[in-house]
Each structure stands twice: as C-alpha cells, then as structure tokens.
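Structure file model12.pdb with PDB, C-alpha atoms and all ligand atoms:
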ATOM      1  CA  MET A  28       4.393  58.568 -39.515
ATOM      2  CA  GLU A  29       1.105  57.134 -40.551
ATOM      3  CA  VAL A  30      -1.287  55.688 -38.047
ATOM      4  CA  LYS A  31      -1.105  52.247 -39.597
ATOM      5  CA  GLU A  32       2.662  52.261 -39.589
ATOM      6  CA  VAL A  33       2.841  53.248 -35.921
ATOM      7  CA  TYR A  34       0.166  50.744 -35.025
ATOM      8  CA  ASN A  35       2.052  47.948 -36.741
ATOM      9  CA  SER A  36       5.366  48.888 -35.171
ATOM     10  CA  CYS A  37       3.819  48.664 -31.701
ATOM     11  CA  LEU A  38       2.082  45.446 -32.578
ATOM     12  CA  LYS A  39       5.106  43.572 -33.798
ATOM     13  CA  LYS A  40       6.817  43.342 -30.439
ATOM     14  CA  ASP A  41       4.741  40.464 -29.140
ATOM     15  CA  GLY A  42       3.035  39.170 -32.267
ATOM     16  CA  CYS A  43      -0.466  39.563 -30.786
ATOM     17  CA  SER A  44      -3.558  40.194 -32.862
ATOM     18  CA  GLY A  45      -4.114  43.694 -31.436
ATOM     19  CA  VAL A  46      -2.527  46.371 -29.307
ATOM     20  CA  THR A  47      -2.745  46.290 -25.517
ATOM     21  CA  GLN A  48      -3.411  49.405 -23.436
ATOM     22  CA  GLN A  49       0.313  49.955 -22.946
ATOM     23  CA  GLN A  50       1.032  49.536 -26.645
ATOM     24  CA  ALA A  51      -1.853  51.811 -27.565
ATOM     25  CA  LYS A  52      -0.469  54.440 -25.228
ATOM     26  CA  SER A  53       3.000  54.342 -26.734
ATOM     27  CA  ALA A  54       1.511  54.350 -30.237
ATOM     28  CA  LEU A  55      -0.461  57.500 -29.428
ATOM     29  CA  ILE A  56       2.622  59.170 -27.999
ATOM     30  CA  LYS A  57       4.530  58.339 -31.173
ATOM     31  CA  LEU A  58       1.736  60.004 -33.104
ATOM     32  CA  GLY A  59       2.209  63.142 -31.039
ATOM     33  CA  ILE A  60      -0.847  62.643 -28.845
ATOM     34  CA  THR A  61      -0.408  62.536 -25.090
ATOM     35  CA  PRO A  62      -3.385  60.854 -23.464
ATOM     36  CA  ARG A  63      -4.599  62.438 -20.226
ATOM     37  CA  PRO A  64      -4.622  60.260 -17.101
ATOM     38  CA  PHE A  65      -7.081  57.358 -17.351
ATOM     39  CA  GLU A  66      -8.340  58.392 -20.766
ATOM     40  CA  ILE A  67      -7.267  55.202 -22.450
ATOM     41  CA  GLU A  68      -8.836  53.086 -19.729
ATOM     42  CA  TYR A  69     -11.995  55.160 -19.882
ATOM     43  CA  PHE A  70     -12.531  54.853 -23.626
ATOM     44  CA  TRP A  71     -11.168  51.343 -23.917
ATOM     45  CA  TYR A  72     -14.261  49.391 -22.910
ATOM     46  CA  ASP A  73     -16.444  51.445 -25.217
ATOM     47  CA  ILE A  74     -14.216  50.804 -28.155
ATOM     48  CA  ASP A  75     -13.085  47.249 -27.577
ATOM     49  CA  LYS A  76     -16.419  45.871 -28.716
ATOM     50  CA  GLU A  77     -15.299  42.361 -29.379
ATOM     51  CA  SER A  78     -13.378  42.263 -26.118
ATOM     52  CA  ASP A  79     -10.935  39.985 -27.841
ATOM     53  CA  LEU A  80      -8.314  39.510 -25.179
ATOM     54  CA  ASN A  81      -8.349  43.194 -24.315
ATOM     55  CA  THR A  82      -6.647  44.365 -27.456
ATOM     56  CA  LEU A  83      -7.618  46.829 -30.166
ATOM     57  CA  ASN A  84      -7.425  46.135 -33.882
ATOM     58  CA  LEU A  85      -6.419  48.913 -36.260
ATOM     59  CA  GLU A  86      -9.960  50.134 -36.788
ATOM     60  CA  GLU A  87     -10.589  50.275 -33.037
ATOM     61  CA  PHE A  88      -7.252  51.991 -32.485
ATOM     62  CA  GLU A  89      -8.269  54.668 -35.006
ATOM     63  CA  LYS A  90     -11.388  55.290 -32.935
ATOM     64  CA  LEU A  91      -9.313  55.617 -29.793
ATOM     65  CA  ARG A  92      -6.996  58.082 -31.507
ATOM     66  CA  CYS A  93      -9.952  60.272 -32.454
ATOM     67  CA  VAL A  94     -11.483  60.453 -28.983
ATOM     68  CA  VAL A  95      -8.363  60.861 -26.845
ATOM     69  CA  ASN A  96      -8.034  64.396 -25.451
ATOM     70  CA  THR A  97     -11.680  65.155 -26.111
ATOM     71  CA  GLU A  98     -13.073  64.588 -22.611
ATOM     72  CA  PRO A  99     -10.291  64.789 -20.045
ATOM     73  CA  ASP A 100     -12.596  65.781 -17.183
ATOM     74  CA  ARG A 101     -14.961  62.955 -17.808
ATOM     75  CA  SER A 102     -12.207  60.367 -17.701
ATOM     76  CA  LEU A 103     -11.039  61.716 -14.338
ATOM     77  CA  ARG A 104     -14.572  61.564 -12.949
ATOM     78  CA  TRP A 105     -14.860  58.042 -14.212
ATOM     79  CA  ALA A 106     -11.553  57.076 -12.604
ATOM     80  CA  PHE A 107     -12.566  58.573  -9.264
ATOM     81  CA  ASN A 108     -15.793  56.581  -9.212
ATOM     82  CA  LYS A 109     -14.002  53.456 -10.338
ATOM     83  CA  PHE A 110     -11.484  53.606  -7.498
ATOM     84  CA  ASP A 111     -14.015  54.721  -4.904
ATOM     85  CA  THR A 112     -15.054  51.092  -4.617
ATOM     86  CA  ASP A 113     -17.370  51.554  -1.623
ATOM     87  CA  SER A 114     -18.947  54.632  -3.296
ATOM     88  CA  ASN A 115     -18.723  56.812  -0.214
ATOM     89  CA  GLY A 116     -17.439  59.808  -2.165
ATOM     90  CA  THR A 117     -13.844  59.695  -0.979
ATOM     91  CA  ILE A 118     -10.768  57.603  -1.734
ATOM     92  CA  ASP A 119      -9.354  55.990   1.388
ATOM     93  CA  LYS A 120      -5.984  54.358   1.854
ATOM     94  CA  THR A 121      -7.047  50.919   0.622
ATOM     95  CA  GLU A 122      -8.676  52.365  -2.464
ATOM     96  CA  LEU A 123      -5.663  54.577  -3.117
ATOM     97  CA  LYS A 124      -3.383  51.564  -3.055
ATOM     98  CA  GLN A 125      -5.309  49.885  -5.884
ATOM     99  CA  LEU A 126      -5.013  53.063  -7.875
ATOM    100  CA  LEU A 127      -1.272  53.479  -7.315
ATOM    101  CA  VAL A 128      -0.563  49.872  -8.264
ATOM    102  CA  LEU A 129      -2.362  50.519 -11.545
ATOM    103  CA  MET A 130      -0.689  53.869 -12.159
ATOM    104  CA  TYR A 131       2.742  52.348 -11.688
ATOM    105  CA  GLU A 132       2.022  49.169 -13.591
ATOM    106  CA  ASP A 133       4.554  50.193 -16.231
ATOM    107  CA  ASN A 134       7.281  49.985 -13.596
ATOM    108  CA  ASP A 135       5.915  46.762 -12.139
ATOM    109  CA  GLY A 136       3.448  48.075  -9.524
ATOM    110  CA  ASP A 137       4.297  45.269  -7.078
ATOM    111  CA  TRP A 138       6.741  47.522  -5.227
ATOM    112  CA  VAL A 139       3.901  49.854  -4.163
ATOM    113  CA  ASP A 140       3.736  49.251  -0.387
ATOM    114  CA  ASP A 141       1.820  50.769   2.521
ATOM    115  CA  ASP A 142       4.546  53.308   3.289
ATOM    116  CA  PHE A 143       4.446  54.596  -0.261
ATOM    117  CA  VAL A 144       0.644  54.784  -0.186
ATOM    118  CA  THR A 145       0.764  56.718   3.100
ATOM    119  CA  ASP A 146       3.304  59.155   1.668
ATOM    120  CA  CYS A 147       1.166  59.766  -1.403
ATOM    121  CA  LEU A 148      -1.953  60.168   0.690
ATOM    122  CA  ASN A 149      -0.281  62.678   3.007
ATOM    123  CA  LEU A 150       1.004  64.676   0.056
ATOM    124  CA  ALA A 151      -2.354  64.807  -1.697
ATOM    125  CA  ASP A 152      -4.596  65.166   1.356
ATOM    126  CA  GLU A 153      -4.775  68.948   1.443
ATOM    127  CA  ASN A 154      -7.426  69.270   4.157
ATOM    128  CA  GLY A 155      -5.797  66.591   6.330
ATOM    129  CA  ASP A 156      -8.854  64.401   6.924
ATOM    130  CA  GLY A 157      -7.028  61.205   5.949
ATOM    131  CA  VAL A 158      -8.950  60.517   2.748
ATOM    132  CA  LEU A 159      -8.969  62.016  -0.737
ATOM    133  CA  GLN A 160     -11.857  64.183  -1.845
ATOM    134  CA  ARG A 161     -12.556  64.456  -5.549
ATOM    135  CA  GLU A 162     -10.562  67.687  -5.957
ATOM    136  CA  GLU A 163      -7.591  66.261  -4.083
ATOM    137  CA  PHE A 164      -7.712  63.180  -6.274
ATOM    138  CA  VAL A 165      -7.748  65.211  -9.482
ATOM    139  CA  ASP A 166      -4.824  67.377  -8.325
ATOM    140  CA  MET A 167      -2.816  64.302  -7.386
ATOM    141  CA  VAL A 168      -3.374  62.517 -10.684
ATOM    142  CA  LEU A 169      -2.597  65.581 -12.785
ATOM    143  CA  GLN A 170       0.602  66.294 -10.862
ATOM    144  CA  ARG A 171       1.852  62.753 -11.192
ATOM    145  CA  THR A 172       1.586  62.466 -14.938
TER
HETATM  146 CA    CA B   1     -14.335  55.201  -0.759
HETATM  147 CA    CA B   2      -8.797  65.096   2.172
END
Now that the file is in, can you turn its structure into structure tokens?
Amino acid sequence: MEVKEVYNSCLKKDGCSGVTQQQAKSALIKLGITPRPFEIEYFWYDIDKESDLNTLNLEEFEKLRCVVNTEPDRSLRWAFNKFDTDSNGTIDKTELKQLLVLMYEDNDGDWVDDDFVTDCLNLADENGDGVLQREEFVDMVLQRT
C-alpha cells in the first residue's frame, strides 16, 4: 500500500485534520515498520512544527516514516530522562507509574495501580535497590514491547 493510502485510511476513522500518535503508529505498522519504544514520542515534537492539536499532516507523517528506526538508542535515552522527572538518574516508583500509564494508554492506562507498579518494579529491578537504573529501564522497555 502507498503511504498516502495508509495515511488516509487511518485518518478517516475520526475525521480529524491529521493523524494522532496512535494513528501514526498503526499507519507505520501497516506500512511494515515497527517503531521502537518511545520513538514516535521522541520524534513527534520535532516534526509536528505547527503543533496543530498534536496531529501530523501527510507531509509530516512522511518525515516520521523516514526517521523511525534510525535512532532507537537515542529515543530510549530521551524517554529515560523524560520520566526521571527529578533528574536524579534513576526511575523511582512514582516516576515508573507515570511511564506505565503512558505505555498502557492503548488499553486505557487508568487500571495501572500501585500493586501493578510494584510488580513491574520488582521484575525490572535487577540489583534490588528499589529504583530503576538506566540499564534496568532499557531492559524493561524492550522486553515489554
Ligand atoms: Ca528520579
Ligand atoms: Ca535497580
């Protein structure tokens, strides 16, 4: 399928003037491209120049398609810094909760509760210090997607 065709098919569902992050993701998957974790979010603000309601027009979507999968490590670094809101170099339980709500947004992230966050933290916290170091964060994100 052509890019334009896929773009339009994802667009039609809600009649908006551009694709949202979710629609962009499914459009890319239809085109045979699987975005790495947080790549779309990472590139989005660079590309969405007009910031028109957080959607991409066809031209902007083309740009996204070209950059996805080019810098997977950078998008993970960006995500780590973004969720490390107090910039202390680790992700604690509160910060992890924000991240999990976002990651599970597709399935309505509201069900993410403290028990779930604790379970995820315990699974990912390899050195057992109760917070996620950068490497633990990367492993967790890659395993979950
Ligand atoms: Ca932190
Ligand atoms: Ca740890």
What would the list of residues within 12 Å of (-0.4, 56.1, -0.9) (file frame) look like as a tab-separated table (two decimals) with C-alpha atoms, in the frame of the given file, if all atoms listed in the file are what count?
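Result file follows (out-v1.tsv):
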chain	number	residue	atom	x	y	z
A	118	ILE	CA	-10.77	57.60	-1.73
A	119	ASP	CA	-9.35	55.99	1.39
A	120	LYS	CA	-5.98	54.36	1.85
A	121	THR	CA	-7.05	50.92	0.62
A	122	GLU	CA	-8.68	52.36	-2.46
A	123	LEU	CA	-5.66	54.58	-3.12
A	124	LYS	CA	-3.38	51.56	-3.06
A	125	GLN	CA	-5.31	49.88	-5.88
A	126	LEU	CA	-5.01	53.06	-7.88
A	127	LEU	CA	-1.27	53.48	-7.32
A	128	VAL	CA	-0.56	49.87	-8.26
A	130	MET	CA	-0.69	53.87	-12.16
A	131	TYR	CA	2.74	52.35	-11.69
A	138	TRP	CA	6.74	47.52	-5.23
A	139	VAL	CA	3.90	49.85	-4.16
A	140	ASP	CA	3.74	49.25	-0.39
A	141	ASP	CA	1.82	50.77	2.52
A	142	ASP	CA	4.55	53.31	3.29
A	143	PHE	CA	4.45	54.60	-0.26
A	144	VAL	CA	0.64	54.78	-0.19
A	145	THR	CA	0.76	56.72	3.10
A	146	ASP	CA	3.30	59.16	1.67
A	147	CYS	CA	1.17	59.77	-1.40
A	148	LEU	CA	-1.95	60.17	0.69
A	149	ASN	CA	-0.28	62.68	3.01
A	150	LEU	CA	1.00	64.68	0.06
A	151	ALA	CA	-2.35	64.81	-1.70
A	152	ASP	CA	-4.60	65.17	1.36
A	157	GLY	CA	-7.03	61.20	5.95
A	158	VAL	CA	-8.95	60.52	2.75
A	159	LEU	CA	-8.97	62.02	-0.74
A	164	PHE	CA	-7.71	63.18	-6.27
A	167	MET	CA	-2.82	64.30	-7.39
Exercise. Taking the file as shown, what set of residues would the PyMOL selection byres (((chain A and resi 62-69) around 9) and not hetatm) give back, as number ranges by chain?
Worked result: A: 48, 51-52, 55-56, 60-61, 70-73, 91, 95-96, 98-99, 101-103, 105-106, 130, 168-169, 172
Exercise. Closest to Leu85 (chain A) among A:Ser114, A:Ser36, A:Gln160, A:Gln170, using all atoms listed in the file?
Worked result: A:Ser36
Could the centre and edge lengths of an axis-aligned box, enclosing all atoms of region 94-101 of chain A in the file with 5 Å extra on each side, be given in Å to one decimal as AutoDock Vina command-line options?
--center_x -11.5 --center_y 63.1 --center_z -23.1 --size_x 16.9 --size_y 15.3 --size_z 21.8
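Between CA of Leu129 (chain A) and CA of Gln49 (chain A) lies a distance of 11.7 Å.
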Exercise. Between CA of Leu38 (chain A) and CA of Asp100 (chain A), what is the spacing in Å?
Worked result: 29.4 Å
For this session: Would you mind reading off the distance between CA of Glu87 (chain A) and CA of Asn35 (chain A), one decimal, in Å?
Result: 13.4 Å
Evaluate the PyMOL selection byres (((chain A and resi 37) around 9) and not hetatm) on the structure here and hand back the selected residues as a compact mmCIF listing (two decimals) with C-alpha atoms, in the coordinates of the input.
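Result file follows (expr.txt):
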# COMPACT_ATOMS: atom_id res chain seq x y z
CA GLU A 32 2.66 52.26 -39.59
CA VAL A 33 2.84 53.25 -35.92
CA TYR A 34 0.17 50.74 -35.02
CA ASN A 35 2.05 47.95 -36.74
CA SER A 36 5.37 48.89 -35.17
CA LEU A 38 2.08 45.45 -32.58
CA LYS A 39 5.11 43.57 -33.80
CA LYS A 40 6.82 43.34 -30.44
CA ASP A 41 4.74 40.46 -29.14
CA VAL A 46 -2.53 46.37 -29.31
CA GLN A 50 1.03 49.54 -26.64
CA ALA A 51 -1.85 51.81 -27.56
CA SER A 53 3.00 54.34 -26.73
CA ALA A 54 1.51 54.35 -30.24
